[in-house]
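Next comes start.cif, with mmCIF, C-alpha atoms.
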data_target
#
loop_
_atom_site.label_atom_id
_atom_site.label_comp_id
_atom_site.auth_asym_id
_atom_site.auth_seq_id
_atom_site.Cartn_x
_atom_site.Cartn_y
_atom_site.Cartn_z
CA MET O 143 -32.83 -5.80 3.20
CA ARG O 144 -30.58 -8.60 4.45
CA ASN O 145 -28.62 -7.64 7.54
CA SER O 146 -27.02 -10.94 8.36
CA LEU O 147 -23.36 -11.04 9.24
CA ASP O 148 -22.65 -14.45 7.72
CA THR O 149 -19.22 -15.14 9.17
CA ALA O 150 -18.82 -18.47 7.39
CA ALA O 151 -19.55 -16.85 4.02
CA LEU O 152 -17.15 -14.01 4.80
CA ASP O 153 -14.42 -16.44 5.87
CA ALA O 154 -14.86 -18.39 2.62
CA ALA O 155 -14.98 -15.26 0.44
CA ILE O 156 -11.77 -13.76 1.84
CA GLU O 157 -9.95 -17.08 1.57
CA ASN O 158 -11.07 -17.39 -2.06
CA VAL O 159 -9.40 -14.05 -2.92
CA HIS O 160 -6.13 -15.40 -1.55
CA ARG O 161 -6.55 -18.66 -3.46
CA ALA O 162 -7.20 -16.67 -6.65
CA GLY O 163 -3.71 -15.18 -6.39
CA MET O 164 -3.77 -12.34 -3.87
CA PRO O 165 -0.75 -12.80 -1.54
CA GLY O 166 -2.60 -11.34 1.45
CA LEU O 167 -5.69 -9.36 2.39
CA PHE O 168 -7.62 -8.40 5.50
CA ALA O 169 -10.96 -6.82 6.28
CA GLU O 170 -13.46 -5.63 8.85
CA VAL O 171 -17.22 -5.84 8.30
CA ARG O 172 -19.71 -4.26 10.71
CA ASP O 173 -23.44 -4.79 11.00
CA GLY O 174 -24.79 -2.67 13.83
CA ASP O 175 -22.92 -3.86 16.93
CA ARG O 176 -21.67 -7.04 15.29
CA VAL O 177 -18.12 -7.08 13.93
CA TRP O 178 -16.32 -9.59 11.71
CA LEU O 179 -12.55 -9.40 11.28
CA GLY O 180 -10.90 -11.54 8.65
CA ALA O 181 -7.48 -12.11 7.11
CA ALA O 182 -6.09 -14.54 4.55
CA GLY O 183 -2.65 -15.14 3.12
CA VAL O 184 0.75 -13.66 3.85
CA ALA O 185 2.27 -10.26 4.57
CA ASP O 186 5.66 -11.45 3.33
CA VAL O 187 5.90 -14.00 0.52
CA ALA O 188 9.52 -14.80 1.40
CA THR O 189 8.97 -15.72 5.05
CA GLY O 190 5.30 -16.72 5.02
CA ARG O 191 4.50 -14.23 7.82
CA PRO O 192 0.70 -14.06 7.86
CA VAL O 193 -1.39 -10.94 7.45
CA THR O 194 -3.58 -9.93 10.40
CA ALA O 195 -6.71 -7.78 10.42
CA GLY O 196 -5.13 -5.10 12.62
CA MET O 197 -2.26 -4.23 10.28
CA ARG O 198 -1.58 -0.67 9.18
CA HIS O 199 -1.84 -0.16 5.44
CA ARG O 200 -1.33 2.41 2.70
CA VAL O 201 -4.93 3.14 1.62
CA GLY O 202 -4.28 5.39 -1.38
CA SER O 203 -7.06 7.66 -2.59
CA ILE O 204 -9.25 7.00 0.43
CA THR O 205 -7.15 9.97 1.56
CA LYS O 206 -9.30 12.13 -0.72
CA THR O 207 -12.33 11.81 1.56
CA PHE O 208 -10.24 13.10 4.47
CA THR O 209 -8.96 16.04 2.41
CA ALA O 210 -12.43 16.86 1.08
CA ALA O 211 -13.84 16.80 4.63
CA ALA O 212 -11.11 19.18 5.77
CA VAL O 213 -11.93 21.62 2.96
CA LEU O 214 -15.64 21.46 3.78
CA GLN O 215 -14.88 22.29 7.41
CA GLN O 216 -13.24 25.47 6.14
CA VAL O 217 -16.26 26.14 3.92
CA GLU O 218 -18.41 25.91 7.06
CA ALA O 219 -16.05 28.35 8.80
CA GLY O 220 -16.49 30.84 5.95
CA ARG O 221 -12.84 30.77 4.89
CA ILE O 222 -13.42 28.90 1.61
CA GLY O 223 -16.26 29.26 -0.89
CA LEU O 224 -17.20 26.02 -2.65
CA ASP O 225 -18.10 27.92 -5.80
CA THR O 226 -15.35 30.52 -5.54
CA PRO O 227 -12.72 30.43 -8.32
CA VAL O 228 -9.52 28.81 -7.13
CA GLY O 229 -7.57 31.63 -8.77
CA ARG O 230 -8.70 33.93 -5.96
CA TYR O 231 -6.85 31.76 -3.46
CA LEU O 232 -3.95 30.40 -5.54
CA PRO O 233 -3.42 32.82 -8.47
CA LYS O 234 0.18 31.73 -9.06
CA LEU O 235 -0.67 28.02 -9.24
CA VAL O 236 -3.78 28.34 -11.45
CA PRO O 237 -3.30 31.65 -13.27
CA GLY O 238 -5.41 33.58 -15.74
CA GLU O 239 -8.68 32.44 -17.24
CA ARG O 240 -8.43 28.92 -15.84
CA GLY O 241 -8.03 30.25 -12.33
CA ASP O 242 -11.18 32.29 -12.86
CA ALA O 243 -13.13 29.38 -14.35
CA ILE O 244 -12.15 26.51 -12.01
CA THR O 245 -13.96 26.56 -8.67
CA VAL O 246 -13.07 24.79 -5.44
CA ARG O 247 -16.00 22.42 -6.01
CA MET O 248 -14.57 21.45 -9.42
CA LEU O 249 -11.30 20.46 -7.77
CA ILE O 250 -13.05 18.26 -5.21
CA ASN O 251 -15.33 16.52 -7.72
CA HIS O 252 -12.75 16.18 -10.53
CA THR O 253 -14.50 18.45 -13.04
CA SER O 254 -11.69 21.04 -13.22
CA GLY O 255 -10.30 19.70 -16.49
CA LEU O 256 -6.79 19.70 -14.99
CA ALA O 257 -4.68 16.78 -16.19
CA GLU O 258 -3.04 14.12 -14.03
CA TYR O 259 0.58 15.03 -13.24
CA LEU O 260 1.72 11.45 -12.61
CA PRO O 261 2.87 10.57 -16.16
CA TYR O 262 5.01 13.72 -16.13
CA ALA O 263 6.57 13.02 -12.71
CA TYR O 264 7.26 9.35 -13.59
CA PRO O 265 8.91 9.26 -17.06
CA SER O 266 8.32 5.54 -17.63
CA LEU O 267 4.56 6.18 -17.23
CA LYS O 268 4.51 8.98 -19.83
CA PRO O 269 2.65 6.89 -22.48
CA PHE O 270 -0.30 6.35 -20.05
CA PRO O 271 -3.09 5.41 -20.75
CA ALA O 272 -1.35 3.25 -23.39
CA LEU O 273 -0.42 0.67 -20.74
CA ALA O 274 1.63 -1.61 -23.00
CA GLU O 275 3.99 1.29 -23.73
CA THR O 276 4.49 2.16 -20.06
CA GLY O 277 7.05 0.53 -17.79
CA PRO O 278 7.74 0.30 -14.07
CA ARG O 279 11.34 1.58 -14.07
CA SER O 280 10.60 5.01 -12.59
CA LEU O 281 8.75 3.40 -9.66
CA ASP O 282 12.17 2.29 -8.45
CA ASP O 283 13.84 5.55 -9.43
CA HIS O 284 11.50 7.54 -7.17
CA ARG O 285 11.31 5.27 -4.12
CA PHE O 286 13.03 7.91 -1.93
CA THR O 287 12.33 11.04 -3.99
CA ARG O 288 10.96 13.96 -1.97
CA PHE O 289 8.65 15.66 -4.45
CA ASP O 290 7.70 19.32 -4.16
CA PRO O 291 3.90 19.52 -4.45
CA THR O 292 4.11 22.87 -6.23
CA GLU O 293 6.26 21.29 -8.97
CA LEU O 294 3.79 18.39 -9.32
CA ILE O 295 0.87 20.83 -9.56
CA GLU O 296 2.72 22.82 -12.21
CA MET O 297 3.13 19.63 -14.28
CA GLY O 298 -0.62 19.00 -14.17
CA VAL O 299 -1.55 22.61 -14.89
CA ALA O 300 0.92 22.83 -17.80
CA ALA O 301 -0.29 19.59 -19.38
CA PRO O 302 -3.05 19.67 -22.01
CA ALA O 303 -6.45 20.08 -20.35
CA VAL O 304 -8.61 16.94 -20.18
CA GLY O 305 -11.88 18.88 -20.27
CA ALA O 306 -13.51 22.26 -19.83
CA PRO O 307 -13.96 23.52 -16.24
CA GLY O 308 -17.26 22.19 -14.93
CA GLY O 309 -17.75 19.97 -17.96
CA ALA O 310 -19.23 16.46 -17.86
CA PRO O 311 -17.94 13.88 -17.55
CA GLY O 312 -15.14 14.96 -15.27
CA VAL O 313 -11.77 13.23 -15.37
CA TYR O 314 -10.17 11.91 -12.17
CA SER O 315 -6.90 13.73 -11.44
CA ASN O 316 -4.62 13.85 -8.41
CA THR O 317 -3.62 17.37 -9.44
CA ASN O 318 -6.96 18.55 -8.04
CA TYR O 319 -6.21 17.23 -4.57
CA LEU O 320 -2.67 18.55 -4.40
CA LEU O 321 -4.23 21.96 -5.12
CA LEU O 322 -6.73 21.39 -2.30
CA GLY O 323 -3.77 20.72 0.00
CA ARG O 324 -2.26 24.06 -1.01
CA LEU O 325 -5.65 25.73 -0.52
CA LEU O 326 -5.89 24.38 3.03
CA GLU O 327 -2.41 25.67 3.74
CA GLN O 328 -3.33 29.11 2.37
CA VAL O 329 -6.46 29.56 4.51
CA THR O 330 -5.38 27.81 7.74
CA GLY O 331 -1.76 28.97 8.02
CA THR O 332 -0.59 25.42 8.64
CA THR O 333 0.24 22.49 6.38
CA ALA O 334 -2.58 20.44 4.94
CA GLU O 335 -1.17 17.40 6.74
CA GLN O 336 -1.23 19.14 10.12
CA TYR O 337 -4.73 20.52 9.59
CA ILE O 338 -6.16 17.15 8.44
CA THR O 339 -4.43 15.39 11.34
CA ARG O 340 -5.87 17.73 13.97
CA ASN O 341 -9.32 18.34 12.55
CA VAL O 342 -10.22 15.12 10.78
CA ILE O 343 -8.04 12.23 12.01
CA GLU O 344 -7.91 13.24 15.68
CA ARG O 345 -11.48 14.53 15.65
CA ALA O 346 -12.60 11.06 14.57
CA GLY O 347 -10.46 9.40 17.27
CA LEU O 348 -8.42 7.40 14.76
CA ARG O 349 -5.43 6.05 16.68
CA ASP O 350 -3.75 4.12 13.85
CA THR O 351 -4.18 6.63 11.01
CA GLU O 352 -1.63 9.19 9.83
CA LEU O 353 -0.29 11.14 6.88
CA PRO O 354 3.31 9.87 6.92
CA ALA O 355 6.29 12.23 6.75
CA GLY O 356 8.82 9.57 5.72
CA PRO O 357 8.97 6.43 3.58
CA TYR O 358 8.48 3.84 6.32
CA VAL O 359 5.33 2.31 7.82
CA ASP O 360 5.45 2.23 11.62
CA GLY O 361 3.86 -0.72 13.38
CA PRO O 362 2.70 -4.11 12.03
CA HIS O 363 2.15 -3.97 8.28
CA SER O 364 2.33 -6.02 5.11
CA HIS O 365 4.76 -5.82 2.25
CA LEU O 366 3.09 -4.28 -0.83
CA TYR O 367 3.61 -6.16 -4.08
CA GLU O 368 3.44 -4.34 -7.40
CA ALA O 369 3.11 -6.36 -10.63
CA TRP O 370 2.56 -3.48 -13.10
CA PHE O 371 0.43 -5.58 -15.46
CA GLY O 372 2.86 -8.49 -15.43
CA MET O 373 5.92 -6.37 -16.22
CA ILE O 374 7.32 -6.91 -12.70
CA ASP O 375 7.56 -10.68 -12.27
CA PRO O 376 7.74 -11.68 -9.54
CA PRO O 377 5.96 -8.63 -8.08
CA ARG O 378 8.23 -6.25 -6.14
CA ASP O 379 7.74 -4.89 -2.61
CA TYR O 380 7.08 -1.15 -2.49
CA SER O 381 5.98 -0.86 1.15
CA VAL O 382 9.00 1.40 1.83
CA TYR O 383 8.21 4.45 -0.30
CA ASP O 384 8.22 8.22 0.08
CA MET O 385 4.58 9.25 -0.39
CA SER O 386 5.22 12.88 -1.33
CA TRP O 387 4.31 11.87 -4.89
CA VAL O 388 0.65 11.97 -3.80
CA GLY O 389 0.54 13.84 -0.47
CA PRO O 390 -3.05 14.89 0.45
CA ALA O 391 -4.36 12.97 -2.57
CA ALA O 392 -3.36 9.43 -1.55
CA SER O 393 -0.66 9.10 1.13
CA LEU O 394 -2.76 8.03 4.14
CA LEU O 395 -1.82 5.13 6.42
CA SER O 396 -4.72 3.53 8.26
CA THR O 397 -6.36 0.30 9.43
CA VAL O 398 -9.61 -1.33 8.35
CA ALA O 399 -11.09 -0.58 11.79
CA ASP O 400 -10.14 3.10 11.61
CA LEU O 401 -11.58 3.41 8.10
CA ASN O 402 -14.93 2.02 9.21
CA ARG O 403 -14.93 4.33 12.22
CA PHE O 404 -14.16 7.36 10.04
CA TYR O 405 -16.82 6.71 7.41
CA GLY O 406 -19.38 5.87 10.09
CA MET O 407 -18.77 9.21 11.81
CA LEU O 408 -18.70 11.11 8.50
CA LEU O 409 -22.08 9.73 7.41
CA ALA O 410 -23.48 10.49 10.88
CA GLY O 411 -22.62 14.18 10.40
CA GLU O 412 -19.88 14.13 13.06
CA ILE O 413 -16.93 15.20 10.87
CA VAL O 414 -18.71 17.78 8.73
CA SER O 415 -22.22 19.22 9.12
CA PRO O 416 -25.24 17.43 7.63
CA SER O 417 -25.50 20.15 4.96
CA SER O 418 -21.84 19.65 4.01
CA LEU O 419 -22.40 15.88 3.89
CA ALA O 420 -25.30 16.51 1.50
CA GLN O 421 -22.90 18.45 -0.74
CA MET O 422 -20.43 15.55 -0.61
CA GLN O 423 -23.18 13.19 -1.79
CA ARG O 424 -24.15 15.26 -4.85
CA THR O 425 -22.62 13.21 -7.65
CA GLY O 426 -21.85 13.56 -11.33
CA PRO O 427 -20.16 11.39 -13.97
CA VAL O 428 -16.37 11.11 -13.76
CA ILE O 429 -13.96 8.96 -15.79
CA SER O 430 -11.79 7.02 -13.34
CA GLN O 431 -8.06 6.38 -13.76
CA GLU O 432 -9.01 2.91 -15.02
CA GLY O 433 -11.07 4.57 -17.76
CA LYS O 434 -14.42 3.54 -16.24
CA MET O 435 -17.39 5.88 -15.77
CA ILE O 436 -18.20 6.33 -12.08
CA HIS O 437 -20.46 8.61 -10.06
CA TYR O 438 -18.41 10.97 -7.90
CA GLY O 439 -19.32 13.61 -5.35
CA LEU O 440 -17.05 15.65 -3.11
CA GLY O 441 -14.51 13.02 -2.08
CA LEU O 442 -17.17 10.30 -1.93
CA HIS O 443 -18.64 7.90 -4.43
CA PRO O 444 -21.62 5.54 -4.15
CA MET O 445 -22.02 1.82 -4.68
CA GLU O 446 -25.50 0.37 -4.99
CA GLY O 447 -26.94 -3.11 -4.98
CA SER O 448 -30.45 -3.71 -6.26
CA GLY O 449 -32.83 -2.88 -3.43
CA GLU O 450 -30.02 -3.06 -0.88
CA GLY O 451 -29.48 0.64 -0.18
CA THR O 452 -26.68 2.98 -1.18
CA PHE O 453 -23.16 2.65 0.22
CA TRP O 454 -20.77 5.62 0.33
CA GLY O 455 -17.01 5.57 0.53
CA HIS O 456 -13.86 5.49 -1.56
CA GLY O 457 -11.27 3.13 -2.96
CA GLY O 458 -7.56 3.64 -3.29
CA THR O 459 -4.36 2.20 -4.72
CA VAL O 460 -0.67 2.96 -4.34
CA TRP O 461 2.32 1.04 -5.66
CA GLY O 462 1.60 -2.48 -4.42
CA GLY O 463 -1.31 -1.76 -2.11
CA GLY O 464 -5.01 -1.09 -2.27
CA ALA O 465 -8.11 -0.66 -0.14
CA LEU O 466 -11.85 -0.11 -0.42
CA ALA O 467 -14.06 1.26 2.36
CA MET O 468 -17.84 1.49 2.01
CA THR O 469 -20.54 2.39 4.56
CA ARG O 470 -24.30 2.16 4.00
CA ALA O 471 -26.10 5.50 4.08
CA ASP O 472 -27.73 4.64 7.42
CA GLY O 473 -24.29 3.81 8.89
CA LYS O 474 -25.31 0.35 10.06
CA ARG O 475 -23.45 -1.81 7.55
CA GLN O 476 -19.78 -1.19 6.86
CA MET O 477 -16.92 -2.81 4.98
CA ALA O 478 -13.21 -2.04 4.74
CA VAL O 479 -10.89 -4.33 2.77
CA ALA O 480 -7.10 -4.03 2.26
CA VAL O 481 -5.03 -5.96 -0.31
CA ASN O 482 -1.25 -6.27 -0.80
CA LEU O 483 -0.93 -6.72 -4.58
CA GLN O 484 -1.75 -4.27 -7.36
CA ARG O 485 -2.11 -4.37 -11.16
CA TRP O 486 -2.22 -8.14 -11.25
CA ASN O 487 -3.99 -8.17 -14.65
CA ARG O 488 -1.62 -8.95 -17.50
CA LEU O 489 -2.20 -7.19 -20.83
CA ASP O 490 -3.66 -8.89 -23.88
CA SER O 491 -2.33 -8.42 -27.44
CA SER O 492 -4.26 -5.15 -27.77
CA GLY O 493 -2.77 -3.78 -24.55
CA LYS O 494 -5.90 -4.12 -22.43
CA PRO O 495 -5.85 -5.71 -18.95
CA GLN O 496 -7.03 -9.31 -19.10
CA PRO O 497 -9.56 -10.66 -16.60
CA HIS O 498 -8.00 -12.43 -13.63
CA PRO O 499 -9.59 -14.77 -11.05
CA ILE O 500 -8.77 -12.17 -8.36
CA ASP O 501 -11.29 -9.77 -9.97
CA ASP O 502 -14.28 -12.08 -9.53
CA ALA O 503 -13.16 -13.25 -6.09
CA LEU O 504 -12.85 -9.66 -4.83
CA ALA O 505 -16.22 -8.72 -6.29
CA THR O 506 -17.78 -11.66 -4.44
CA LEU O 507 -16.11 -10.63 -1.17
CA TYR O 508 -17.39 -7.06 -1.54
CA HIS O 509 -20.92 -8.30 -2.26
CA VAL O 510 -20.99 -10.66 0.74
CA ALA O 511 -19.48 -7.95 2.96
CA MET O 512 -21.96 -5.25 1.98
CA TYR O 513 -25.15 -7.17 1.33
CA GLY O 514 -24.86 -10.37 3.36
#

Give the structure from the file, written as structure tokens.
Amino acid sequence: MRNSLDTAALDAAIENVHRAGMPGLFAEVRDGDRVWLGAAGVADVATGRPVTAGMRHRVGSITKTFTAAAVLQQVEAGRIGLDTPVGRYLPKLVPGERGDAITVRMLINHTSGLAEYLPYAYPSLKPFPALAETGPRSLDDHRFTRFDPTELIEMGVAAPAVGAPGGAPGVYSNTNYLLLGRLLEQVTGTTAEQYITRNVIERAGLRDTELPAGPYVDGPHSHLYEAWFGMIDPPRDYSVYDMSWVGPAASLLSTVADLNRFYGMLLAGEIVSPSSLAQMQRTGPVISQEGKMIHYGLGLHPMEGSGEGTFWGHGGTVWGGGALAMTRADGKRQMAVAVNLQRWNRLDSSGKPQPHPIDDALATLYHVAMYG
């Protein structure tokens, strides 16, 4: 197993992602006590202000690992049963037979069969997954909308089911994690955001991580450029955005250093117990929002290189921003990468995203970062 922290190769790989068309990106890679911090490109295409590795960033669905860990803490405390039907906790939100059939575990690992609410909350996305028929207009319409999570959940629950409860493969859905937020509120007597802040973020000593209450990012940060498959040209900045549209599913603000610290502590059994971590690492097949088959556990998914050990973590995207954080099972090799452009792939005549040089350049960066 190669453990080298090849700083020259990392410097070249991150620069190549920028050259391939990414406005700006930054990363932290750890190998034992050795740390590499890198950044390439700009945080603001208008002024040329550069990105720096310490910037705060919207990290999207990486939030799900934090929410899953919070739920598992409550499982350890005996207040939540992983295999208890969610209808026992939230009968009004998931009523009747579905509430009896869908367990807490099925929400965390996306096997509930509950549909994604997003195309119902954002009218211009209603044709999803037929990307060519979607449009970005409602992204602007909802920049300052304060969504009610109960109304979003109701959209997902009312939509046609995407599978039977517990069926395989599961289908990735943010509706599951908004329900987990409501579950945390029900059993802790506080909001999910307050509970996660106190018992996950602060417990891990993360000083630059928060679940934001408003639309602005405090502290140094990049603009976030959304292209929506070439339909927004030039890409538009969505760094100012009310994140109530995803809440405990994808609203987290963090830094690459904080993400590596969090996943390192999680895999060391310092956020949840070793037995809970083992539950998080039990995976099954899930269809991602991009339509790809992935292995998914309880708020974690693995990445493996041949003979190089298994990495655990999560990726995430929001309008304009994205991140990926992965830590090797032994905790000694870690990578967190943040990018400030999303949906850069234009659509071909059949409506499928076309390959883009950014794809290969990012894949190379991830490989160098994880495997040396």

Query raised in the report: Written as a list in words, which residues does the PyMOL selection byres ((chain O and resi 388) around 9) give for the file shown?
Result: Gly202, Ser203, Leu260, Phe289, Pro291, Asn316, Thr317, Tyr319, Leu320, Met385, Ser386, Trp387, Gly389, Pro390, Ala391, Ala392 and Ser393 of chain O

**Report entry** Shell around range 216-222 of chain O at 9 Å using only C-alpha atoms, local window under 3 positions removed, as JSON, numbers by chain
**Finding:** {"O": [211, 212, 213, 225, 226, 231, 246, 325, 326, 329, 330, 414, 415, 418]}

For range 406-409 of chain O, find every residue with an atom within 10 Å (counting only C-alpha atoms), except residues of its own chain fewer than 5 positions away, and show them as a compact mmCIF listing (two decimals) with C-alpha atoms, keeping the file's coordinate frame.
# COMPACT_ATOMS: atom_id res chain seq x y z
CA THR O 207 -12.33 11.81 1.56
CA PHE O 208 -10.24 13.10 4.47
CA ALA O 211 -13.84 16.80 4.63
CA VAL O 342 -10.22 15.12 10.78
CA ARG O 345 -11.48 14.53 15.65
CA ALA O 346 -12.60 11.06 14.57
CA GLY O 347 -10.46 9.40 17.27
CA ASP O 400 -10.14 3.10 11.61
CA LEU O 401 -11.58 3.41 8.10
CA VAL O 414 -18.71 17.78 8.73
CA SER O 415 -22.22 19.22 9.12
CA PRO O 416 -25.24 17.43 7.63
CA LEU O 419 -22.40 15.88 3.89
CA ALA O 420 -25.30 16.51 1.50
CA GLN O 423 -23.18 13.19 -1.79
CA TRP O 454 -20.77 5.62 0.33
CA GLY O 455 -17.01 5.57 0.53
CA MET O 468 -17.84 1.49 2.01
CA THR O 469 -20.54 2.39 4.56
CA ARG O 470 -24.30 2.16 4.00
CA ALA O 471 -26.10 5.50 4.08
CA ASP O 472 -27.73 4.64 7.42
CA GLY O 473 -24.29 3.81 8.89
CA LYS O 474 -25.31 0.35 10.06
CA ARG O 475 -23.45 -1.81 7.55
CA GLN O 476 -19.78 -1.19 6.86

Report task. Might you spell out which residues the PyMOL selection byres ((chain O and resi 309) around 10) would select in the displayed file, as JSON, numbers by chain? Result -> {"O": [248, 252, 253, 254, 255, 304, 305, 306, 307, 308, 310, 311, 312, 313, 427, 428]}

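Residues surrounding Pro271 in chain O within 10 Å are Pro261, Leu267, Glu275, Thr276, Gln431, Glu432, Gly433 and Gly493 of chain O [all atoms listed in the file; sequence separation below 4 positions excluded].
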
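Contact shell of Asn158 in chain O at 10 Å (all atoms listed in the file; same-chain neighbours under 5 positions omitted): Leu152, Asp153, Gly163, Met164, Ala182, Pro499, Ile500, Asp502, Ala503, Leu504, Thr506 and Leu507 of chain O.
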
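Across the structure, CA of Asp501 in chain O and CA of Glu258 in chain O are spaced 25.6 Å apart.
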
Requested in this report: Pull out every residue that the PyMOL selection byres ((chain O and resi 180) around 9) matches in the shown coordinates and put them as a VMD selection string.
Outcome: chain O and resid 152 to 153 156 167 to 171 178 to 179 181 to 182 194 to 195

Report task. Tell me, as a count of residues only, which residues lie within 12 Å of Ala188 in chain O, counting all atoms listed in the file; anything in the same chain fewer than 4 positions away does not count. Result -> 10

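CA of His437 in chain O is positioned 28.2 Å from CA of Arg230 in chain O.
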
Query raised in the report: Hey, can you check how far CA of Pro357 in chain O sits from CA of Tyr383 in chain O?
Result: 4.4 Å

Residues within 12 Å of (4.4, 9.6, 11.5), counting all atoms listed in the file, listed as an mmCIF file with C-alpha atoms, in the coordinates of the input:
data_model
loop_
_atom_site.group_PDB
_atom_site.id
_atom_site.type_symbol
_atom_site.label_atom_id
_atom_site.label_comp_id
_atom_site.auth_asym_id
_atom_site.auth_seq_id
_atom_site.Cartn_x
_atom_site.Cartn_y
_atom_site.Cartn_z
ATOM 1 C CA GLU O 335 -1.170 17.400 6.740
ATOM 2 C CA GLN O 336 -1.230 19.140 10.120
ATOM 3 C CA THR O 339 -4.430 15.390 11.340
ATOM 4 C CA ARG O 349 -5.430 6.050 16.680
ATOM 5 C CA ASP O 350 -3.750 4.120 13.850
ATOM 6 C CA THR O 351 -4.180 6.630 11.010
ATOM 7 C CA GLU O 352 -1.630 9.190 9.830
ATOM 8 C CA LEU O 353 -0.290 11.140 6.880
ATOM 9 C CA PRO O 354 3.310 9.870 6.920
ATOM 10 C CA ALA O 355 6.290 12.230 6.750
ATOM 11 C CA GLY O 356 8.820 9.570 5.720
ATOM 12 C CA PRO O 357 8.970 6.430 3.580
ATOM 13 C CA TYR O 358 8.480 3.840 6.320
ATOM 14 C CA VAL O 359 5.330 2.310 7.820
ATOM 15 C CA ASP O 360 5.450 2.230 11.620
ATOM 16 C CA GLY O 361 3.860 -0.720 13.380
ATOM 17 C CA MET O 385 4.580 9.250 -0.390
ATOM 18 C CA SER O 393 -0.660 9.100 1.130
ATOM 19 C CA LEU O 394 -2.760 8.030 4.140
ATOM 20 C CA LEU O 395 -1.820 5.130 6.420
ATOM 21 C CA SER O 396 -4.720 3.530 8.260
#

Query - Local residues around (-6.7, 28.7, -14.2), at most 10 Å away, using all atoms listed in the file, as JSON, numbers by chain - result: {"O": [227, 228, 229, 230, 232, 233, 234, 235, 236, 237, 238, 239, 240, 241, 242, 243, 244, 245, 254, 255, 256, 299, 307]}

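Comparing the minimum interatomic distances between Thr333 in chain O and each of O:Gly183, O:Gly190, O:Tyr264, O:Thr209, counting only C-alpha atoms, we find that O:Thr209 sits nearest.
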